[in-house]
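Have a look at the structure below before the remarks.
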Amino acid sequence: DAKTTQPTSMDCAEGRAANLPCNHSTISGNEYVYWYRQIHSQGPQYIIHGLKNNETNEMASLIITEDRKSSTLILPHATLRDTAVYYCIVRRTTNTGNQFYFGTGTSLTVIP
Amino acid sequence: ETGVTQTPRHLVMGMTNKKSLKCEQHLGHNAMYWYKQSAKKPLELMFVYSLEERVENNSVPSRFSPECPNSSHLFLHLHTLQPEDSALYLCASSERPGGTGELFFGEGSRLTVL
């Protein structure tokens, strides 16, 4: 299984960039990396995903290393509303298709 | 409005009760999922439905019984649950299982088993 390892928690000052690391050393060549976040007691929210190239959207940037064994989610200007648990997921291929298996995530606290 | 609606948002039931959780998606998706989120634990994938057919069952006890009458609706029928089944139950949908599209989650149903 392509599992992910993330730090349990991180703090970030408001207005600064938040860099959330993720290790996925057993990832296979055709497996995508996805990032979701979950604000307390709400359903997880999609942020971004990528395969090999770096990706950017209106929420965040995703930097994937050349060997694809790790990635970093970057929130360029963290706000208090970005306080949440961030999940790095390698979408796993099963005999019924590609499924999303979540880890324990990183609890990000944005500090005023 | 996430496009995926779950009811009820909160449910308290005894171990001998029978209840159901409902999920409805308004996104035209063909795949629907049930996840369980217990305190301090990762989300656990329970069931996957594709075009109303169950395609994955991750060793979930039979006291949880899913039903997908059409591609827009998904139910989770609950009977003779245990206190350790207390958790947040999340429904999600995607365009199809296996595609690169992301999952869209509902707000969840918070279940407490007494």
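How things are named: the first chain in the structure tokens is A, the next is B, and so on; residues count from 1 in each chain; ligands count from 1 in the order shown.
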
field: Residue neighbourhood Tyr101 in chain A, 10 Å, only C-alpha atoms, exclusion window fewer than 2 positions, as a ChimeraX atom specification
entry: /A:1-4,87-92,98-99,103 /B:35,42-45

Quick one: write out the picked residues with N, CA and C atoms as a PDB file, in the first residue's frame?
ATOM      1  N   ASP A   1       0.835  -1.192   0.000  1.00  0.00           N
ATOM      2  CA  ASP A   1       0.000   0.000   0.000  1.00  0.00           C
ATOM      3  C   ASP A   1       0.869   1.242   0.000  1.00  0.00           C
ATOM      4  N   ALA A   2       0.412   2.236  -0.742  1.00  0.00           N
ATOM      5  CA  ALA A   2       1.129   3.500  -0.748  1.00  0.00           C
ATOM      6  C   ALA A   2       0.601   4.334   0.399  1.00  0.00           C
ATOM      7  N   LYS A   3       1.271   4.285   1.549  1.00  0.00           N
ATOM      8  CA  LYS A   3       0.812   5.029   2.706  1.00  0.00           C
ATOM      9  C   LYS A   3       1.545   6.357   2.777  1.00  0.00           C
ATOM     10  N   THR A   4       1.005   7.250   3.577  1.00  0.00           N
ATOM     11  CA  THR A   4       1.605   8.581   3.732  1.00  0.00           C
ATOM     12  C   THR A   4       1.967   8.816   5.182  1.00  0.00           C
ATOM     13  N   TYR A  87      -4.972  16.492   5.140  1.00  0.00           N
ATOM     14  CA  TYR A  87      -4.705  15.096   4.805  1.00  0.00           C
ATOM     15  C   TYR A  87      -3.984  15.000   3.463  1.00  0.00           C
ATOM     16  N   CYS A  88      -2.891  14.287   3.469  1.00  0.00           N
ATOM     17  CA  CYS A  88      -2.177  13.929   2.257  1.00  0.00           C
ATOM     18  C   CYS A  88      -2.551  12.492   1.927  1.00  0.00           C
ATOM     19  N   ILE A  89      -3.009  12.267   0.721  1.00  0.00           N
ATOM     20  CA  ILE A  89      -3.536  10.951   0.361  1.00  0.00           C
ATOM     21  C   ILE A  89      -2.914  10.502  -0.944  1.00  0.00           C
ATOM     22  N   VAL A  90      -2.463   9.263  -0.947  1.00  0.00           N
ATOM     23  CA  VAL A  90      -2.108   8.639  -2.215  1.00  0.00           C
ATOM     24  C   VAL A  90      -3.292   7.775  -2.609  1.00  0.00           C
ATOM     25  N   ARG A  91      -3.880   8.124  -3.717  1.00  0.00           N
ATOM     26  CA  ARG A  91      -5.059   7.400  -4.150  1.00  0.00           C
ATOM     27  C   ARG A  91      -4.637   5.998  -4.573  1.00  0.00           C
ATOM     28  N   ARG A  92      -5.229   5.006  -3.934  1.00  0.00           N
ATOM     29  CA  ARG A  92      -4.797   3.625  -4.088  1.00  0.00           C
ATOM     30  C   ARG A  92      -5.594   2.928  -5.164  1.00  0.00           C
ATOM     31  N   ASN A  98      -9.854   3.167  -8.325  1.00  0.00           N
ATOM     32  CA  ASN A  98      -8.934   3.938  -7.494  1.00  0.00           C
ATOM     33  C   ASN A  98      -9.689   4.523  -6.316  1.00  0.00           C
ATOM     34  N   GLN A  99      -9.232   4.227  -5.100  1.00  0.00           N
ATOM     35  CA  GLN A  99      -9.944   4.677  -3.917  1.00  0.00           C
ATOM     36  C   GLN A  99      -9.065   5.583  -3.064  1.00  0.00           C
ATOM     37  N   GLY A 103      -5.024   9.123   5.915  1.00  0.00           N
ATOM     38  CA  GLY A 103      -4.181   8.909   7.089  1.00  0.00           C
ATOM     39  C   GLY A 103      -4.667   9.759   8.236  1.00  0.00           C
TER      40      GLY A 103
ATOM     41  N   TYR B  35     -17.870   6.734   4.554  1.00  0.00           N
ATOM     42  CA  TYR B  35     -16.685   6.717   5.387  1.00  0.00           C
ATOM     43  C   TYR B  35     -17.109   6.828   6.846  1.00  0.00           C
ATOM     44  N   PRO B  42      -8.086   7.878  11.648  1.00  0.00           N
ATOM     45  CA  PRO B  42      -8.283   8.338  10.264  1.00  0.00           C
ATOM     46  C   PRO B  42      -9.661   7.965   9.746  1.00  0.00           C
ATOM     47  N   LEU B  43     -10.065   8.627   8.685  1.00  0.00           N
ATOM     48  CA  LEU B  43     -11.294   8.226   8.007  1.00  0.00           C
ATOM     49  C   LEU B  43     -11.132   6.808   7.478  1.00  0.00           C
ATOM     50  N   GLU B  44     -12.156   5.986   7.702  1.00  0.00           N
ATOM     51  CA  GLU B  44     -12.131   4.609   7.225  1.00  0.00           C
ATOM     52  C   GLU B  44     -13.159   4.457   6.108  1.00  0.00           C
ATOM     53  N   LEU B  45     -12.703   3.963   4.964  1.00  0.00           N
ATOM     54  CA  LEU B  45     -13.622   3.715   3.864  1.00  0.00           C
ATOM     55  C   LEU B  45     -14.448   2.482   4.191  1.00  0.00           C
TER      56      LEU B  45
END

message: I need the strand (DSSP E) residues of chain A per DSSP on the backbone, written as a ChimeraX atom specification.
response: /A:9-13,18-23,33-38,45-50,55-56,61-64,70-75,84-90,92-94,97-99,106-111

- request: For CA of Met32 in chain B and CA of Gly3 in chain B, quote the distance in Å rounded to one decimal.
  value: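 Straight-line distance from CA of Met32 in chain B to CA of Gly3 in chain B works out to 12.5 Å.
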
task: For Ser9 in chain A, please output as a list of chain:residue names all residues within 10 Å (counting only C-alpha atoms; exclusion window: fewer than 3 positions along the same chain).
output: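 Here the answer would be A:Gln6, A:Leu20, A:Val85, A:Tyr86, A:Gly105, A:Thr106, A:Ser107, A:Leu108, A:Thr109.
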
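Residue-level contact on chain B: within 8 Å of chain A, counting only C-alpha atoms, the set is Lys40, Lys41, Pro42, Leu43, Glu44, Leu45, Val55, Glu56, Leu90, Pro97, Gly98, Gly99, Glu102, Leu103, Phe104, Phe105, Gly106, Glu107 and Gly108 of chain B.
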
Pull N, CA and C atoms from the residues just selected and write them as a compact mmCIF listing (two decimals), in the first residue's frame.
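Listed below is the output, selection-v3.txt:
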# COMPACT_ATOMS: atom_id res chain seq x y z
N LYS B 40 -9.97 10.58 16.98
CA LYS B 40 -8.53 10.35 16.96
C LYS B 40 -8.09 9.30 15.96
N LYS B 41 -8.94 8.93 15.03
CA LYS B 41 -8.59 7.90 14.04
C LYS B 41 -8.80 8.44 12.63
N PRO B 42 -8.09 7.88 11.65
CA PRO B 42 -8.28 8.34 10.26
C PRO B 42 -9.66 7.97 9.75
N LEU B 43 -10.06 8.63 8.68
CA LEU B 43 -11.29 8.23 8.01
C LEU B 43 -11.13 6.81 7.48
N GLU B 44 -12.16 5.99 7.70
CA GLU B 44 -12.13 4.61 7.23
C GLU B 44 -13.16 4.46 6.11
N LEU B 45 -12.70 3.96 4.96
CA LEU B 45 -13.62 3.71 3.86
C LEU B 45 -14.45 2.48 4.19
N VAL B 55 -19.41 -1.92 -5.10
CA VAL B 55 -18.17 -2.43 -5.68
C VAL B 55 -17.08 -2.65 -4.63
N GLU B 56 -17.30 -2.16 -3.42
CA GLU B 56 -16.31 -2.37 -2.38
C GLU B 56 -16.98 -2.39 -1.01
N LEU B 90 -19.52 9.89 7.18
CA LEU B 90 -19.42 10.83 6.07
C LEU B 90 -19.78 10.15 4.76
N PRO B 97 -15.92 5.99 -9.89
CA PRO B 97 -14.79 5.46 -9.15
C PRO B 97 -13.64 5.22 -10.10
N GLY B 98 -12.47 5.61 -9.71
CA GLY B 98 -11.32 5.37 -10.56
C GLY B 98 -10.92 6.53 -11.41
N GLY B 99 -11.76 7.53 -11.51
CA GLY B 99 -11.38 8.70 -12.28
C GLY B 99 -10.45 9.60 -11.50
N GLU B 102 -12.08 14.51 -7.91
CA GLU B 102 -11.99 14.43 -6.47
C GLU B 102 -13.30 13.96 -5.85
N LEU B 103 -13.23 13.64 -4.56
CA LEU B 103 -14.40 13.31 -3.77
C LEU B 103 -15.04 14.58 -3.26
N PHE B 104 -16.35 14.61 -3.28
CA PHE B 104 -17.10 15.69 -2.65
C PHE B 104 -17.81 15.11 -1.43
N PHE B 105 -17.54 15.68 -0.28
CA PHE B 105 -18.08 15.16 0.97
C PHE B 105 -19.30 15.95 1.43
N GLY B 106 -20.18 15.25 2.14
CA GLY B 106 -21.23 15.91 2.89
C GLY B 106 -20.70 16.38 4.23
N GLU B 107 -21.57 16.98 5.03
CA GLU B 107 -21.17 17.51 6.32
C GLU B 107 -21.10 16.44 7.40
N GLY B 108 -21.64 15.26 7.11
CA GLY B 108 -21.54 14.16 8.06
C GLY B 108 -22.76 14.02 8.95

From A:Gln38, A:Ser61, A:Thr83, A:Ser28, residue lying nearest Gln37 in chain B [only C-alpha atoms]: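 Closest candidate: A:Gln38.
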
Near Asp82 in chain A, counting only C-alpha atoms, which residues have an atom at most 12 Å away, once you skip same-chain residues fewer than 3 positions from it, shown as a short mmCIF file (atom, residue, chain, number, x, y, z; two decimals) with N, CA, C and O atoms, in the first residue's frame?
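Everything below was put into out32.cif:
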data_model
loop_
_atom_site.label_atom_id
_atom_site.label_comp_id
_atom_site.auth_asym_id
_atom_site.auth_seq_id
_atom_site.Cartn_x
_atom_site.Cartn_y
_atom_site.Cartn_z
N ASP A 11 2.24 24.72 13.57
CA ASP A 11 1.72 26.07 13.76
C ASP A 11 2.25 26.95 12.65
O ASP A 11 3.33 26.72 12.10
N CYS A 12 1.49 27.98 12.32
CA CYS A 12 1.91 28.94 11.31
C CYS A 12 1.37 30.31 11.70
O CYS A 12 0.21 30.42 12.13
N ALA A 13 2.18 31.34 11.54
CA ALA A 13 1.74 32.69 11.83
C ALA A 13 0.82 33.19 10.72
O ALA A 13 1.07 32.93 9.52
N GLU A 14 -0.20 33.90 11.10
CA GLU A 14 -1.14 34.46 10.13
C GLU A 14 -0.40 35.34 9.13
O GLU A 14 0.45 36.15 9.50
N GLY A 15 -0.72 35.15 7.84
CA GLY A 15 -0.09 35.94 6.79
C GLY A 15 1.17 35.34 6.22
O GLY A 15 1.63 35.74 5.14
N ARG A 16 1.72 34.36 6.93
CA ARG A 16 2.92 33.69 6.43
C ARG A 16 2.52 32.47 5.62
O ARG A 16 1.37 32.01 5.65
N ALA A 17 3.49 31.93 4.88
CA ALA A 17 3.23 30.72 4.11
C ALA A 17 3.25 29.50 5.04
O ALA A 17 4.13 29.38 5.89
N ALA A 18 2.30 28.62 4.86
CA ALA A 18 2.28 27.36 5.59
C ALA A 18 2.75 26.26 4.64
O ALA A 18 2.21 26.11 3.54
N TYR A 36 -6.52 17.05 1.04
CA TYR A 36 -7.82 17.49 1.53
C TYR A 36 -7.60 18.18 2.87
O TYR A 36 -6.59 17.96 3.53
N ARG A 37 -8.58 18.96 3.29
CA ARG A 37 -8.54 19.48 4.65
C ARG A 37 -9.92 19.33 5.28
O ARG A 37 -10.93 19.30 4.58
N GLN A 38 -9.92 19.27 6.60
CA GLN A 38 -11.15 19.09 7.34
C GLN A 38 -11.17 20.07 8.49
O GLN A 38 -10.34 19.99 9.41
N ILE A 39 -12.11 20.98 8.40
CA ILE A 39 -12.33 21.91 9.50
C ILE A 39 -13.26 21.22 10.49
O ILE A 39 -14.13 20.45 10.09
N HIS A 40 -13.06 21.50 11.75
CA HIS A 40 -13.70 20.75 12.83
C HIS A 40 -15.18 20.48 12.55
O HIS A 40 -15.94 21.39 12.25
N GLN A 45 -12.62 18.72 2.63
CA GLN A 45 -12.73 19.59 1.46
C GLN A 45 -11.52 19.37 0.56
O GLN A 45 -10.38 19.38 1.04
N ILE A 47 -8.50 20.10 -1.87
CA ILE A 47 -7.62 21.25 -2.06
C ILE A 47 -6.95 21.20 -3.42
O ILE A 47 -7.09 22.10 -4.25
N MET A 59 -6.33 27.95 -4.18
CA MET A 59 -6.20 27.66 -2.76
C MET A 59 -4.76 27.44 -2.33
O MET A 59 -4.36 27.84 -1.23
N ALA A 60 -3.99 26.71 -3.16
CA ALA A 60 -2.69 26.25 -2.69
C ALA A 60 -1.78 25.87 -3.86
O ALA A 60 -2.22 25.86 -5.01
N ILE A 74 1.58 23.98 -0.03
CA ILE A 74 1.91 25.34 0.38
C ILE A 74 0.65 26.20 0.35
O ILE A 74 0.00 26.32 -0.70
N LEU A 75 0.31 26.76 1.51
CA LEU A 75 -0.74 27.78 1.58
C LEU A 75 0.00 29.11 1.62
O LEU A 75 0.66 29.43 2.62
N PRO A 76 -0.05 29.90 0.57
CA PRO A 76 0.87 31.05 0.45
C PRO A 76 0.72 32.14 1.52
O PRO A 76 1.70 32.72 1.95
N HIS A 77 -0.50 32.40 1.93
CA HIS A 77 -0.74 33.43 2.95
C HIS A 77 -1.80 32.89 3.91
O HIS A 77 -2.99 33.08 3.69
N ALA A 78 -1.35 32.20 4.93
CA ALA A 78 -2.29 31.52 5.82
C ALA A 78 -3.18 32.52 6.57
O ALA A 78 -2.72 33.58 7.03
N THR A 79 -4.45 32.16 6.67
CA THR A 79 -5.40 32.96 7.46
C THR A 79 -5.93 32.08 8.60
O THR A 79 -5.74 30.86 8.60
N VAL A 85 -7.38 20.22 9.88
CA VAL A 85 -6.54 19.03 9.71
C VAL A 85 -6.35 18.81 8.21
O VAL A 85 -7.32 18.78 7.45
N TYR A 86 -5.10 18.69 7.79
CA TYR A 86 -4.76 18.54 6.38
C TYR A 86 -4.33 17.11 6.11
O TYR A 86 -3.42 16.58 6.76
N SER A 107 -2.55 18.51 11.90
CA SER A 107 -3.40 19.55 12.46
C SER A 107 -2.66 20.88 12.39
O SER A 107 -1.68 21.09 13.10
N LEU A 108 -3.11 21.75 11.50
CA LEU A 108 -2.48 23.07 11.33
C LEU A 108 -3.23 24.10 12.15
O LEU A 108 -4.46 24.24 12.01
N THR A 109 -2.50 24.84 12.95
CA THR A 109 -3.07 25.95 13.71
C THR A 109 -2.44 27.24 13.21
O THR A 109 -1.21 27.39 13.26
N VAL A 110 -3.27 28.15 12.71
CA VAL A 110 -2.78 29.45 12.27
C VAL A 110 -2.95 30.42 13.44
O VAL A 110 -4.05 30.58 13.98
N ILE A 111 -1.83 31.03 13.82
CA ILE A 111 -1.79 31.87 15.02
C ILE A 111 -1.86 33.33 14.64
O ILE A 111 -1.12 33.77 13.76
N PRO A 112 -2.72 34.09 15.31
CA PRO A 112 -2.83 35.53 14.98
C PRO A 112 -1.52 36.27 15.23
O PRO A 112 -0.75 35.92 16.11
#

task: Could you give me, as a ChimeraX atom specification, the residues within 12 Å of His26 in chain B, counting only C-alpha atoms and dropping anything in the same chain fewer than 3 positions from it?
output: /B:1-6,23,29-30,32,71-73,92-95,104-106

query: Smallest atom-to-atom distance to Ala87 in chain B: which of B:Glu52, B:Leu11, B:Gly28, B:Ser20, using only C-alpha atoms?
result: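 Ranking B:Glu52, B:Leu11, B:Gly28, B:Ser20 by distance to Ala87 in chain B, first place goes to B:Leu11.
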
query: Please, what distance in Å, to one decimal, runs between CA of Ile27 in chain A and CA of Val60 in chain B?
result: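 That distance, rounded to one decimal, is 26.4 Å.
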
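Rounded to one decimal, CA of Asn53 in chain A and CA of Arg68 in chain A lie 9.5 Å from each other.
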